[in-house]
Structures are given as structure tokens and as C-alpha cells.
file query_28.txt (compact mmCIF, C-alpha atoms and all ligand atoms)
# COMPACT_ATOMS: atom_id res chain seq x y z
CA MET A 1163 70.84 96.11 71.64
CA PRO A 1164 74.66 96.03 71.88
CA ALA A 1165 75.90 95.13 75.33
CA ILE A 1166 79.01 94.43 77.38
CA LEU A 1167 79.24 91.37 79.55
CA VAL A 1168 81.39 91.74 82.68
CA ILE A 1169 82.94 88.76 84.42
CA ASN A 1170 84.61 88.98 87.86
CA ALA A 1171 85.83 85.42 88.36
CA GLY A 1172 86.86 84.27 91.82
CA SER A 1173 88.08 80.95 93.14
CA SER A 1174 84.62 79.40 93.37
CA SER A 1175 82.27 82.13 92.27
CA VAL A 1176 81.74 84.43 89.32
CA LYS A 1177 80.10 87.83 89.67
CA PHE A 1178 78.65 89.04 86.36
CA ALA A 1179 76.81 91.99 84.87
CA VAL A 1180 75.40 92.97 81.48
CA PHE A 1181 75.49 96.64 80.53
CA GLN A 1182 73.68 97.97 77.48
CA THR A 1183 75.58 100.43 75.32
CA ASP A 1184 73.89 103.35 73.58
CA GLY A 1185 76.17 104.20 70.71
CA HIS A 1186 79.30 105.35 72.54
CA ASP A 1187 77.91 105.42 76.07
CA LEU A 1188 77.39 102.84 78.75
CA ARG A 1189 73.91 102.60 80.18
CA GLU A 1190 74.13 102.36 83.98
CA PRO A 1191 73.11 100.60 86.14
CA ALA A 1192 73.58 97.13 84.70
CA ALA A 1193 70.53 95.68 82.93
CA LEU A 1194 71.36 92.34 84.59
CA HIS A 1195 73.72 91.41 87.36
CA GLY A 1196 74.29 88.50 89.68
CA GLN A 1197 76.53 85.80 90.98
CA LEU A 1198 77.25 82.22 90.04
CA GLU A 1199 78.50 80.46 93.17
CA GLY A 1200 79.70 76.96 93.95
CA ILE A 1201 81.50 76.17 90.67
CA GLY A 1202 83.11 72.74 91.04
CA GLY A 1203 80.57 71.81 93.73
CA ALA A 1204 76.88 72.67 93.57
CA PRO A 1205 76.62 75.67 91.23
CA HIS A 1206 73.90 78.18 92.03
CA LEU A 1207 72.85 81.21 90.02
CA VAL A 1208 71.33 84.37 91.47
CA ALA A 1209 70.47 87.14 89.00
CA LYS A 1210 68.71 90.48 89.35
CA ASP A 1211 67.51 93.18 86.98
CA ALA A 1212 68.42 96.88 87.04
CA ALA A 1213 65.78 97.56 89.71
CA GLY A 1214 67.16 94.78 91.93
CA ARG A 1215 64.26 92.36 91.26
CA LYS A 1216 65.32 88.73 91.53
CA LEU A 1217 65.17 87.03 88.13
CA ALA A 1218 66.88 83.78 89.09
CA ASP A 1219 67.71 81.86 92.26
CA ASP A 1220 68.43 78.47 90.74
CA ALA A 1221 70.64 75.45 91.33
CA LEU A 1222 72.41 74.62 88.05
CA PRO A 1223 72.84 71.05 86.84
CA HIS A 1224 76.36 69.70 87.39
CA ASP A 1225 78.45 66.59 87.00
CA PRO A 1226 80.29 65.79 90.26
CA ALA A 1227 82.89 63.79 88.30
CA ALA A 1228 83.78 66.72 85.99
CA SER A 1229 87.13 68.52 86.28
CA LEU A 1230 87.15 72.16 87.48
CA ASP A 1231 87.89 73.22 83.85
CA THR A 1232 84.82 71.41 82.57
CA ALA A 1233 82.77 72.68 85.50
CA TYR A 1234 83.79 76.29 84.63
CA ASP A 1235 82.87 75.76 80.94
CA THR A 1236 79.52 74.22 81.85
CA ALA A 1237 78.70 76.92 84.40
CA LEU A 1238 79.68 79.79 82.09
CA ALA A 1239 77.77 78.24 79.16
CA ALA A 1240 74.70 77.95 81.42
CA LEU A 1241 75.15 81.58 82.45
CA LEU A 1242 75.38 82.78 78.83
CA ALA A 1243 72.36 80.68 77.88
CA TRP A 1244 70.45 82.19 80.78
CA ILE A 1245 71.39 85.74 79.71
CA GLY A 1246 70.37 84.93 76.12
CA GLU A 1247 66.98 83.65 77.25
CA HIS A 1248 66.19 86.39 79.71
CA GLU A 1249 67.09 89.54 77.84
CA VAL A 1250 65.88 89.30 74.31
CA GLY A 1251 67.96 91.22 71.82
CA PHE A 1252 71.28 91.61 73.68
CA ALA A 1253 74.24 91.38 71.32
CA ILE A 1254 77.38 90.90 73.44
CA GLU A 1255 80.01 93.11 71.74
CA ALA A 1256 82.71 92.57 74.31
CA ILE A 1257 83.44 90.73 77.52
CA GLY A 1258 85.28 92.67 80.22
CA HIS A 1259 87.16 90.64 82.84
CA ARG A 1260 88.68 91.43 86.21
CA VAL A 1261 92.21 90.03 86.06
CA VAL A 1262 93.93 90.32 89.41
CA HIS A 1263 97.57 90.61 88.28
CA GLY A 1264 98.74 92.73 85.36
CA GLY A 1265 102.44 92.58 86.26
CA PRO A 1266 104.75 95.56 85.77
CA THR A 1267 103.59 96.40 82.23
CA HIS A 1268 99.82 96.79 82.31
CA ALA A 1269 98.67 100.18 83.59
CA ALA A 1270 95.51 100.07 81.44
CA PRO A 1271 93.00 97.51 80.14
CA VAL A 1272 94.13 95.34 77.25
CA VAL A 1273 92.39 93.32 74.52
CA VAL A 1274 93.29 89.69 75.15
CA ASP A 1275 94.93 87.61 72.43
CA ASP A 1276 97.08 84.49 72.70
CA ALA A 1277 100.25 86.48 73.45
CA VAL A 1278 98.57 88.50 76.23
CA LEU A 1279 97.10 85.32 77.69
CA ALA A 1280 100.54 83.68 77.71
CA GLU A 1281 102.00 86.74 79.48
CA LEU A 1282 99.22 86.80 82.09
CA ASP A 1283 99.79 83.09 82.72
CA ARG A 1284 103.26 84.01 83.98
CA TYR A 1285 101.68 85.89 86.92
CA VAL A 1286 99.74 82.85 88.18
CA PRO A 1287 102.33 82.12 90.92
CA LEU A 1288 101.91 85.71 92.19
CA ALA A 1289 98.14 85.36 92.67
CA PRO A 1290 97.38 81.62 92.83
CA LEU A 1291 93.96 82.11 94.42
CA HIS A 1292 92.74 84.39 91.62
CA GLN A 1293 94.76 84.55 88.40
CA PRO A 1294 94.09 80.93 87.29
CA HIS A 1295 90.34 81.45 87.60
CA ASN A 1296 90.46 84.84 85.86
CA LEU A 1297 92.29 83.23 82.94
CA ASP A 1298 90.10 80.10 82.99
CA ALA A 1299 87.07 82.34 82.52
CA ILE A 1300 88.73 84.07 79.53
CA ARG A 1301 89.63 80.71 77.97
CA ALA A 1302 86.18 79.25 78.59
CA LEU A 1303 84.45 82.27 77.03
CA GLY A 1304 86.89 82.16 74.11
CA ARG A 1305 85.61 78.64 73.43
CA ILE A 1306 81.95 79.46 74.02
CA GLU A 1307 81.86 82.91 72.32
CA PRO A 1308 84.79 82.83 69.86
CA ASP A 1309 83.76 86.08 68.14
CA ALA A 1310 83.48 88.28 71.25
CA ILE A 1311 86.35 90.68 72.00
CA GLN A 1312 87.70 89.98 75.50
CA ILE A 1313 89.23 92.78 77.53
CA ALA A 1314 91.30 92.29 80.68
CA CYS A 1315 91.02 94.99 83.39
CA PHE A 1316 93.65 94.73 86.10
CA ASP A 1317 93.46 95.01 89.88
CA THR A 1318 97.06 96.21 89.87
CA ALA A 1319 96.66 99.00 87.26
CA PHE A 1320 95.24 101.71 89.57
CA HIS A 1321 98.32 101.48 91.81
CA ARG A 1322 100.83 102.22 89.05
CA SER A 1323 100.49 105.91 90.08
CA GLN A 1324 102.26 105.21 93.38
CA PRO A 1325 105.62 106.91 93.92
CA ALA A 1326 108.65 104.67 93.37
CA VAL A 1327 109.43 104.62 97.10
CA ALA A 1328 106.03 103.04 97.84
CA GLN A 1329 106.61 100.29 95.24
CA ARG A 1330 110.16 99.36 96.26
CA PHE A 1331 111.38 96.57 98.55
CA ALA A 1332 114.64 96.90 100.46
CA LEU A 1333 116.17 94.13 98.35
CA PRO A 1334 119.20 94.31 96.05
CA ARG A 1335 118.15 96.21 92.91
CA ARG A 1336 118.33 93.26 90.52
CA PHE A 1337 115.17 91.86 92.14
CA GLU A 1338 113.23 95.02 91.34
CA ALA A 1339 114.36 94.80 87.73
CA ALA A 1340 113.02 91.24 87.69
CA GLY A 1341 109.58 92.49 88.82
CA VAL A 1342 109.88 91.88 92.57
CA ARG A 1343 108.13 95.01 93.78
CA ARG A 1344 104.92 96.09 95.46
CA TYR A 1345 101.98 96.04 93.03
CA GLY A 1346 98.84 96.52 95.15
CA PHE A 1347 95.44 94.94 94.41
CA HIS A 1348 91.68 95.65 94.60
CA GLY A 1349 92.47 98.54 92.21
CA LEU A 1350 89.15 98.37 90.32
CA SER A 1351 87.32 98.72 93.64
CA TYR A 1352 89.51 101.65 94.75
CA GLU A 1353 89.08 103.36 91.38
CA TYR A 1354 85.29 103.07 91.67
CA ILE A 1355 85.37 104.46 95.24
CA ALA A 1356 87.70 107.31 94.17
CA GLY A 1357 85.07 108.27 91.59
CA ARG A 1358 82.33 108.43 94.25
CA LEU A 1359 84.30 110.57 96.73
CA PRO A 1360 83.44 114.09 95.43
CA GLU A 1361 79.70 113.56 95.79
CA LEU A 1362 80.12 112.14 99.33
CA LEU A 1363 83.05 114.08 100.78
CA GLY A 1364 83.01 117.39 98.90
CA GLU A 1365 86.41 119.07 98.89
CA ARG A 1366 87.91 116.46 101.22
CA ALA A 1367 87.66 114.00 98.32
CA ASP A 1368 90.98 115.23 96.95
CA GLY A 1369 92.65 115.21 100.34
CA ARG A 1370 94.26 112.40 102.34
CA VAL A 1371 91.86 109.45 102.20
CA ILE A 1372 92.26 105.85 103.35
CA VAL A 1373 89.91 103.28 101.80
CA ALA A 1374 89.47 99.96 103.61
CA HIS A 1375 88.40 97.24 101.15
CA LEU A 1376 87.37 94.53 103.61
CA GLY A 1377 86.05 91.49 101.73
CA ASN A 1378 87.26 87.91 101.68
CA GLY A 1379 90.51 89.46 100.51
CA ALA A 1380 91.23 92.70 102.37
CA SER A 1381 93.52 95.67 101.84
CA LEU A 1382 93.85 99.39 102.48
CA CYS A 1383 94.67 102.06 99.93
CA ALA A 1384 95.95 105.55 100.66
CA LEU A 1385 94.59 108.08 98.16
CA HIS A 1386 95.77 111.64 97.60
CA GLY A 1387 94.15 113.64 94.83
CA ARG A 1388 92.08 110.44 94.34
CA ARG A 1389 95.17 108.62 93.09
CA SER A 1390 96.75 105.64 94.82
CA VAL A 1391 99.88 106.62 96.77
CA ALA A 1392 100.30 103.49 98.93
CA SER A 1393 98.61 100.17 99.66
CA THR A 1394 98.90 97.39 102.21
CA MET A 1395 99.01 94.66 99.55
CA GLY A 1396 102.35 94.29 97.84
CA PHE A 1397 104.01 91.77 95.55
CA SER A 1398 101.19 89.30 96.05
CA ALA A 1399 97.65 89.45 97.47
CA LEU A 1400 99.06 88.00 100.70
CA ASP A 1401 100.56 91.13 102.22
CA GLY A 1402 99.08 93.59 104.66
CA LEU A 1403 95.82 92.92 106.49
CA MET A 1404 94.62 89.65 107.97
CA MET A 1405 91.96 88.19 105.61
CA GLY A 1406 89.35 85.44 105.42
CA THR A 1407 91.91 82.66 104.93
CA ARG A 1408 95.17 84.59 104.34
CA THR A 1409 97.71 85.67 106.94
CA GLY A 1410 98.43 89.16 105.69
CA ALA A 1411 101.88 90.51 106.58
CA ILE A 1412 103.95 88.01 108.52
CA ASP A 1413 107.51 88.09 109.83
CA PRO A 1414 109.63 86.49 107.06
CA GLY A 1415 111.45 84.68 109.86
CA VAL A 1416 108.31 82.56 110.31
CA LEU A 1417 108.66 81.33 106.71
CA LEU A 1418 112.29 80.34 107.33
CA TYR A 1419 111.17 78.51 110.48
CA LEU A 1420 108.44 76.64 108.55
CA LEU A 1421 110.99 75.63 105.89
CA ASP A 1422 113.90 74.71 108.11
CA THR A 1423 112.33 73.44 111.32
CA GLU A 1424 108.85 72.26 110.34
CA LYS A 1425 110.29 70.97 107.02
CA MET A 1426 107.33 72.27 105.03
CA ASP A 1427 107.81 72.55 101.26
CA SER A 1428 106.70 75.64 99.31
CA ALA A 1429 103.37 74.08 98.22
CA ARG A 1430 102.52 73.33 101.86
CA ILE A 1431 103.52 76.82 103.00
CA SER A 1432 101.52 78.37 100.18
CA ARG A 1433 98.42 76.44 101.26
CA LEU A 1434 98.97 77.52 104.87
CA LEU A 1435 99.39 81.22 104.00
CA TYR A 1436 96.60 81.49 101.42
CA LYS A 1437 93.94 79.01 102.48
CA GLU A 1438 94.26 77.94 106.11
CA SER A 1439 95.09 81.14 107.98
CA GLY A 1440 93.40 84.49 108.61
CA LEU A 1441 89.96 84.50 110.24
CA LEU A 1442 89.61 80.77 109.52
CA GLY A 1443 92.96 79.80 111.01
CA VAL A 1444 92.77 81.97 114.12
CA SER A 1445 89.12 81.13 114.93
CA GLY A 1446 89.31 77.49 113.87
CA ILE A 1447 85.62 78.03 113.01
CA SER A 1448 85.03 79.99 109.82
CA ALA A 1449 86.40 82.51 107.34
CA ASP A 1450 83.03 84.24 107.25
CA MET A 1451 82.75 87.38 109.38
CA ARG A 1452 79.00 86.82 109.82
CA THR A 1453 79.59 83.45 111.49
CA LEU A 1454 82.33 84.84 113.73
CA LEU A 1455 80.32 87.86 114.89
CA ALA A 1456 77.42 85.55 115.75
CA SER A 1457 79.61 83.04 117.61
CA ASP A 1458 80.09 82.87 121.41
CA ALA A 1459 83.42 81.05 121.08
CA PRO A 1460 86.39 83.01 122.52
CA GLU A 1461 88.46 81.97 119.47
CA ALA A 1462 85.93 83.70 117.18
CA ALA A 1463 86.15 86.86 119.28
CA GLU A 1464 89.98 86.70 119.19
CA ALA A 1465 89.96 86.35 115.40
CA VAL A 1466 87.73 89.43 115.02
CA GLU A 1467 89.89 91.32 117.54
CA LEU A 1468 93.06 90.56 115.58
CA PHE A 1469 91.35 91.45 112.27
CA CYS A 1470 90.39 94.90 113.62
CA TYR A 1471 93.73 95.43 115.39
CA ARG A 1472 95.68 94.79 112.18
CA ILE A 1473 93.45 97.21 110.23
CA ALA A 1474 93.92 99.95 112.84
CA ARG A 1475 97.71 99.47 112.86
CA GLU A 1476 97.92 99.61 109.08
CA ILE A 1477 95.71 102.70 108.99
CA GLY A 1478 98.34 104.32 111.22
CA SER A 1479 101.02 103.33 108.72
CA LEU A 1480 99.14 104.70 105.69
CA ALA A 1481 98.21 107.89 107.59
CA ALA A 1482 101.96 108.36 108.11
CA ALA A 1483 102.56 107.88 104.37
CA LEU A 1484 99.86 110.50 103.69
CA GLY A 1485 101.05 112.91 106.40
CA GLY A 1486 97.62 112.93 108.07
CA LEU A 1487 94.06 111.85 107.42
CA ASP A 1488 91.00 113.69 106.07
CA ALA A 1489 88.68 110.76 105.44
CA LEU A 1490 88.27 107.05 106.12
CA VAL A 1491 86.07 104.94 103.84
CA PHE A 1492 84.84 101.38 104.40
CA THR A 1493 83.84 99.10 101.52
CA ALA A 1494 83.41 95.45 100.31
CA GLY A 1495 81.49 92.65 102.10
CA ILE A 1496 82.76 93.23 105.63
CA GLY A 1497 83.33 96.98 105.27
CA GLU A 1498 79.81 97.51 103.91
CA HIS A 1499 77.91 95.18 106.24
CA ALA A 1500 79.78 94.58 109.51
CA ALA A 1501 78.94 97.58 111.72
CA PRO A 1502 80.87 96.14 114.73
CA VAL A 1503 84.07 95.97 112.66
CA ARG A 1504 83.66 99.59 111.51
CA GLU A 1505 82.99 100.60 115.12
CA ARG A 1506 86.11 98.92 116.53
CA VAL A 1507 88.40 100.16 113.79
CA SER A 1508 87.07 103.70 114.13
CA ALA A 1509 87.45 103.61 117.95
CA ALA A 1510 91.09 102.53 117.56
CA CYS A 1511 91.63 105.47 115.17
CA GLY A 1512 90.31 108.04 117.67
CA TRP A 1513 93.87 109.38 118.03
CA LEU A 1514 93.75 110.35 114.33
CA GLY A 1515 90.57 112.38 114.89
CA VAL A 1516 88.05 109.71 113.84
CA LYS A 1517 84.71 109.99 115.70
CA LEU A 1518 81.92 107.67 114.58
CA ASP A 1519 78.19 108.37 114.76
CA ALA A 1520 76.95 105.13 116.37
CA GLU A 1521 73.41 105.38 114.97
CA ALA A 1522 74.53 106.15 111.43
CA ASN A 1523 76.98 103.25 111.68
CA ALA A 1524 74.36 100.79 112.93
CA ALA A 1525 72.03 101.90 110.12
CA GLY A 1526 74.82 101.50 107.51
CA GLN A 1527 74.43 105.04 106.18
CA LEU A 1528 76.80 106.53 103.61
CA ARG A 1529 78.28 109.15 106.01
CA LEU A 1530 79.21 107.84 109.44
CA ASP A 1531 81.20 110.63 111.12
CA ALA A 1532 79.82 112.20 114.29
CA ALA A 1533 79.52 115.97 114.62
CA GLY A 1534 82.96 117.37 115.41
CA SER A 1535 84.89 114.44 113.91
CA ALA A 1536 88.11 115.78 112.40
CA VAL A 1537 88.03 112.91 109.90
CA ALA A 1538 85.09 112.23 107.56
CA VAL A 1539 83.97 108.59 107.72
CA ALA A 1540 81.97 106.92 104.94
CA CYS A 1541 80.65 103.51 103.98
CA ILE A 1542 80.39 103.15 100.19
CA PRO A 1543 79.26 99.96 98.43
CA THR A 1544 81.90 99.08 95.86
CA ASP A 1545 81.15 98.12 92.25
CA GLU A 1546 84.03 96.42 90.45
CA GLU A 1547 81.68 95.33 87.65
CA VAL A 1548 80.69 98.85 86.58
CA MET A 1549 84.35 99.90 86.68
CA ILE A 1550 85.24 97.02 84.34
CA ALA A 1551 82.44 98.01 81.93
CA ARG A 1552 83.58 101.66 82.00
CA HIS A 1553 87.08 100.50 81.01
CA ALA A 1554 85.97 97.89 78.49
CA LEU A 1555 83.84 100.16 76.30
CA PRO A 1556 86.57 102.66 75.31
CA ALA A 1557 89.08 99.80 74.94
CA LEU A 1558 86.64 98.14 72.53
CA ARG A 1559 86.20 101.35 70.52
CA VAL A 1560 89.99 101.77 70.22
CA HIS A 1561 90.30 98.13 69.12
CA HIS A 1562 87.63 98.60 66.43
CA ALA A 1563 89.29 101.81 65.21
CA GLU A 1564 92.65 100.00 64.96
CA LEU A 1565 91.06 97.18 62.96
CA VAL A 1566 89.50 99.69 60.54
CA LYS A 1567 92.86 101.50 60.18
CA ALA A 1568 94.71 98.25 59.58
CA SER A 1569 92.28 97.16 56.87
CA SER A 1570 92.27 100.51 54.99
N1 LIG B 1601 76.05 91.13 106.84
C1 LIG B 1601 77.35 90.87 106.98
N2 LIG B 1601 77.99 91.01 108.16
C2 LIG B 1601 79.28 90.74 108.31
N3 LIG B 1601 80.07 90.30 107.32
C3 LIG B 1601 79.51 90.15 106.12
C4 LIG B 1601 78.14 90.41 105.86
N4 LIG B 1601 77.88 90.16 104.56
C5 LIG B 1601 79.05 89.76 104.02
N5 LIG B 1601 80.03 89.74 104.94
C6 LIG B 1601 81.43 89.34 104.78
O1 LIG B 1601 81.90 89.72 103.50
C7 LIG B 1601 82.82 88.72 103.02
C8 LIG B 1601 82.81 88.66 101.52
O2 LIG B 1601 83.05 89.93 101.01
P1 LIG B 1601 83.14 90.16 99.42
O3 LIG B 1601 83.53 91.57 99.22
O4 LIG B 1601 81.89 89.68 98.77
O5 LIG B 1601 84.36 89.20 99.16
P2 LIG B 1601 85.04 88.63 97.85
O6 LIG B 1601 84.59 89.48 96.68
O7 LIG B 1601 86.50 88.83 98.14
O8 LIG B 1601 84.64 87.20 97.77
C9 LIG B 1601 82.29 87.41 103.59
O9 LIG B 1601 83.36 86.56 103.81
C10 LIG B 1601 81.63 87.84 104.88
O10 LIG B 1601 82.55 87.61 105.91
C1 LIG B 1602 93.11 90.53 95.27
C2 LIG B 1602 92.13 89.92 96.20
O1 LIG B 1602 92.45 89.60 97.31
O2 LIG B 1602 90.87 89.79 95.72
P1 LIG B 1602 89.59 89.22 96.51
O3 LIG B 1602 89.30 90.17 97.61
O4 LIG B 1602 88.48 89.18 95.47
O5 LIG B 1602 89.94 87.85 97.04
MG MG B 1603 86.25 90.74 95.97

call {"tool": "encode", "arguments": {"input": "query_28.txt", "output": "C-alpha cells", "more": "lines below"}}
Ligand SMILES: Nc1ncnc2c1ncn2[C@@H]1O[C@H](COP(=O)(O)OP(=O)(O)O)[C@@H](O)[C@H]1O
Ligand SMILES: CC(=O)OP(=O)(O)O
Ligand SMILES: [Mg+2]
result
Amino acid sequence: MPAILVINAGSSSVKFAVFQTDGHDLREPAALHGQLEGIGGAPHLVAKDAAGRKLADDALPHDPAASLDTAYDTALAALLAWIGEHEVGFAIEAIGHRVVHGGPTHAAPVVVDDAVLAELDRYVPLAPLHQPHNLDAIRALGRIEPDAIQIACFDTAFHRSQPAVAQRFALPRRFEAAGVRRYGFHGLSYEYIAGRLPELLGERADGRVIVAHLGNGASLCALHGRRSVASTMGFSALDGLMMGTRTGAIDPGVLLYLLDTEKMDSARISRLLYKESGLLGVSGISADMRTLLASDAPEAAEAVELFCYRIAREIGSLAAALGGLDALVFTAGIGEHAAPVRERVSAACGWLGVKLDAEANAAGQLRLDAAGSAVAVACIPTDEEVMIARHALPALRVHHAELVKASS
């Protein structure tokens, strides 16, 4: 049975899914899906079938002395071997990857060859927490499965529909020409959510909608007509909301202070902004929302307070860009599971007409707005993997057609 393997590679984990293809169509949901965590440390594989039954919950063998490159190769090879053993008859036709940064050129998925890989390497400094791992996964699978077609699907692509004013910085124009502009991220997640809106919101789906993707990385996207019109993330995945370990938007004067007065170099500042700040930095306890919500420490409470405050302020900003608000949608790890965060953010957006149904919120239902709420509120589990597979299949067909044309 032909199939598409999807890889969503993070800094220390890889989410994966295998979708069967019937002729030209994708068979949903995924036949297999799961997560490989702890690469470079103690790798652990969890896999489930289409019905959600657990097929694996295993520690994988690892060599503590191995480099991260070797650890990635070993972990991905173990994953492929596991897929081969557990689903007899899958023939992986293509591998679809989430690649966080597609730069100014890529508004659609692309088949990866050496030239594309070299171009995507240039965006590593713009997304240092993600891009290297996305590209490592492509390289590792190129070594392990040299005949499979690999297709990159970009987090930035969905935002290319934004008006020029939303993508522009107030810098001299030569910087924009050099690619210094707002890109926006989490696009595969927003695209998936945009596709679910009609069934959940009816005619409001095409109205003014703000989606809050609150995971380890967090951002907001303003949708109108289910297209991205603005986002809180900009040039890099650092801008906008406070995140697990990232600052979000910060007064650029602070960076000058760190350089000039604290004498930090750029590598030190980068570590501070990407890895030591956010929920982790403010709480001094953890980057994990579950730990903070369960903690009695005042610092944990202050971190959660700031997280929610920043979201509410940025919702105000995007509502201004949209000229009002018809619906608010929560998604990703925190958005889907942390009812207290949804409650606080919604309460702070009361002035916009948001009124939450406390019981529906506590139960994590799909629709959360109370009777009489001027704004629809929803909680929709995101699915970046299915979005990647939906992009990869047509890209693969086009690639095959081009090969046939070239050889005739
Ligand atoms: N039950 C829960 N309650 C509160 N927060 C949760 C819960 N489950 C997951 N999370 C939060 O979700 C975050 C991860 O979200 P996820 O979307 O998986 O992130 P990423 O894909 O960026 O790694 C975790 O850091 C954790 O804080
Ligand atoms: C772009 C980004 O921040 O991604 P993630 O949420 O997976 O860290
Ligand atoms: Mg994520």
C-alpha cells in the first residue's frame, strides 16, 4: 500500500505520521502516528494506530557518547524500522516535512534537492531552535531512504497572503529588499484550523477570527476569509507572545543594554532570548504550563499571569488589525488543554464581547462561548501532520508528472 510519511522535527522530539494513499487520495486519519522524544538524551517512542490504540511506548537504545547528528540518524532509523515492522506492506512514496522557515520565496511546498537544501540552510539563523533540526531530519532520511522523494512544507507559507503593510518593518527599504520583514510562523497549524472553521463556526468562519496557537512556541494569527492577514510572530519565531522559553516581543532598547552594558555577545543574547526566558525565565521553575499551574510558588503564578496578559494585549492588537472580532479559537498544547489559561484570556477579552461558558471550558468542548457572547469561542485540536500530508501528496504527483514529461 503506497503511503506518505510525515515528519515534524523539533529541537528534541519528532512527531510523525503515516498516511495511506488510495490512488490520488489521502486516507485520513493517519494509519500510524506518534512521537519520538528525547533525541540526544534518552529517546522514547510512543506510537498509536488510527483508532488511537497504543502500539508502542518504548525506550530506544542509544549511545550517550554519540553526537546529536548520529543520535538523529539512529533515532530516525529506529523509527523507520519500527514502521516497517508494524505495518506490513507500506511503501513510503514520499516524506513530507515541516520546515519552519521558507524565507521570502516559498509560498508553497517544494521537493527538496541539494539546491533547495542549501537555500533552506541560509534561514538557520532566523529560526535556530527549529530549522537545523528540520534540515537534519531531511538529511538523515536522505541517507536512510535515498529513493524517497522529500517534500518541505513551510510554517511561513500560509502567511504570504498578508497585506504588504502587515509584513513591513519601519526600517529603511533596503532591509526589506534583503528579506528583513515579518514572515509569521505556525502556518501549517493555522491552515489546518482555517479548514475546520466552517463546520464549527458556520458563517462566522469567513469573518474576523483570531487563532491562538499556544504550544511551547506560541503565536496568534488574524484570519479574514480564512486567510492570514496578520500574525504576532515576525522575522523570527521570537516575536509576539511570551513562550515556554522565549521572550516574545521585547523593547529593542533591552538588546542594546545587554550588548553595551552587560557586554553580552550575540550568542549569549540569543541563548537568553530563545532558551532561558519566557515561562521558564519568569518562573525560574519550568517551561511547562502543567508544572506552573500545579505550583504554589508566587513566581509560577506571575509567569502564568504575564503569559495570559501578553496574549490578551496582542488579541487587542490583532482585533484592531481586523476591525473587530467574530471568533476566538484556542489550539496547540496549552490552548487545547489548559482551561485556566483560556478562562483568563477570555475574561480579559470581555470588552471585545467574549463571554466564556465555564462548564464547556472546563470540559474542553469544541465550542466554548456562553449564550449571548458576541464572539464565538472554540477550542480545536490542531493537526500539523495531516496538513503536511495534504500538501505532500499533490506535490508528489506534480513531481512525478514533471519527471514523465522530462523523459518523454
Ligand atoms: N494538560 C495540560 N495542561 C496545561 N498545559 C499543557 C497540558 N498538556 C500540554 N500542555 C502544554 O503544552 C505545551 C506543549 O505544546 P505543544 O503544542 O505540544 O508544543 P510544541 O509542538 O511547540 O512542542 C507544553 O509545554 C505544556 O506546557
Ligand atoms: C515556530 C515555532 O515556534 O514552532 P514551535 O511552536 O513548534 O516551537
Ligand atoms: Mg509545535

call {"tool": "residues_near_ligand", "arguments": {"input": "query_28.txt", "ligand": "ligand MG 1603 (chain B)", "cutoff": "10 Å", "atoms": "only C-alpha atoms and all ligand atoms", "output": "PyMOL selection string"}}
result
chain A and resi 1170-1172+1177+1348+1350-1351+1375-1380+1494-1495+1544-1546

call {"tool": "atom_distance", "arguments": {"input": "query_28.txt", "atom1": "atom CA of A:Ala1456", "atom2": "atom C7 of ligand LIG 1601 (chain B)"}}
result
14.2 Å

call {"tool": "residues_around", "arguments": {"input": "query_28.txt", "residues": "A:Gln1293", "least_positions_apart": "2", "cutoff": "9 Å", "atoms": "all atoms listed in the file", "output": "VMD selection string"}}
result
chain A and resid 1171 to 1173 1261 to 1263 1282 to 1283 1285 to 1291 1295 to 1298

call {"tool": "write_last_selection", "arguments": {"input": "query_28.txt", "atoms": "C-alpha atoms", "output": "short mmCIF file (atom, residue, chain, number, x, y, z; two decimals), in the frame of the given file"}}
result
data_model
loop_
_atom_site.label_atom_id
_atom_site.label_comp_id
_atom_site.auth_asym_id
_atom_site.auth_seq_id
_atom_site.Cartn_x
_atom_site.Cartn_y
_atom_site.Cartn_z
CA ALA A 1171 85.83 85.42 88.36
CA GLY A 1172 86.86 84.27 91.82
CA SER A 1173 88.08 80.95 93.14
CA VAL A 1261 92.21 90.03 86.06
CA VAL A 1262 93.93 90.32 89.41
CA HIS A 1263 97.57 90.61 88.28
CA LEU A 1282 99.22 86.80 82.09
CA ASP A 1283 99.79 83.09 82.72
CA TYR A 1285 101.68 85.89 86.92
CA VAL A 1286 99.74 82.85 88.18
CA PRO A 1287 102.33 82.12 90.92
CA LEU A 1288 101.91 85.71 92.19
CA ALA A 1289 98.14 85.36 92.67
CA PRO A 1290 97.38 81.62 92.83
CA LEU A 1291 93.96 82.11 94.42
CA HIS A 1295 90.34 81.45 87.60
CA ASN A 1296 90.46 84.84 85.86
CA LEU A 1297 92.29 83.23 82.94
CA ASP A 1298 90.10 80.10 82.99
#

call {"tool": "atom_distance", "arguments": {"input": "query_28.txt", "atom1": "atom CA of A:Ala1563", "atom2": "atom CA of A:Gly1265"}}
result
26.5 Å

call {"tool": "residues_around", "arguments": {"input": "query_28.txt", "residues": "stretch 1164-1167 of chain A", "least_positions_apart": "3", "cutoff": "12 Å", "atoms": "all atoms listed in the file", "output": "MDAnalysis selection string"}}
result
chainID A and resid 1170 1177:1190 1192:1196 1238 1241:1242 1245:1246 1249:1260 1300 1303 1307 1310:1313 1547:1548 1550:1558

call {"tool": "closest_residue", "arguments": {"input": "query_28.txt", "among": "A:Ala1536, A:Ala1568, A:Leu1417, A:Ala1489", "to": "A:Gly1364", "atoms": "only C-alpha atoms"}}
result
A:Ala1489

call {"tool": "residues_around", "arguments": {"input": "query_28.txt", "residues": "stretch 1512-1522 of chain A", "least_positions_apart": "5", "cutoff": "7 Å", "atoms": "only C-alpha atoms", "output": "list in words"}}
result
Gln1527, Leu1530, Asp1531, Ala1532, Ser1535, Ala1536 and Val1537 of chain A

call {"tool": "residues_around", "arguments": {"input": "query_28.txt", "residues": "A:Ser1457", "least_positions_apart": "4", "cutoff": "12 Å", "atoms": "only C-alpha atoms", "output": "list in words"}}
result
Ser1445, Gly1446, Ile1447, Ser1448, Asp1450, Met1451, Arg1452, Thr1453, Glu1461, Ala1462, Ala1463, Glu1464, Ala1465 and Val1466 of chain A

call {"tool": "closest_residue", "arguments": {"input": "query_28.txt", "among": "A:Phe1337, A:Pro1271, A:Leu1442, A:Gly1304", "to": "A:His1561", "atoms": "all atoms listed in the file"}}
result
A:Pro1271

call {"tool": "atom_distance", "arguments": {"input": "query_28.txt", "atom1": "atom CA of A:Ala1356", "atom2": "atom CA of A:Ile1477"}}
result
17.5 Å

call {"tool": "closest_residue", "arguments": {"input": "query_28.txt", "among": "A:Ala1474, A:Ala1411, A:Leu1333, A:Ala1449", "to": "ligand LIG 1601 (chain B)", "atoms": "all atoms listed in the file"}}
result
A:Ala1449

call {"tool": "closest_residue", "arguments": {"input": "query_28.txt", "among": "A:Thr1236, A:Thr1394, A:Ser1229, A:Thr1493", "to": "ligand LIG 1601 (chain B)", "atoms": "only C-alpha atoms and all ligand atoms"}}
result
A:Thr1493

call {"tool": "closest_residue", "arguments": {"input": "query_28.txt", "among": "A:Cys1541, A:Ile1473, A:Ala1482, A:Leu1207", "to": "A:His1499", "atoms": "only C-alpha atoms"}}
result
A:Cys1541

call {"tool": "closest_residue", "arguments": {"input": "query_28.txt", "among": "A:Ala1374, A:Ser1569, A:Ala1314, A:Leu1359", "to": "A:Ala1299", "atoms": "only C-alpha atoms"}}
result
A:Ala1314
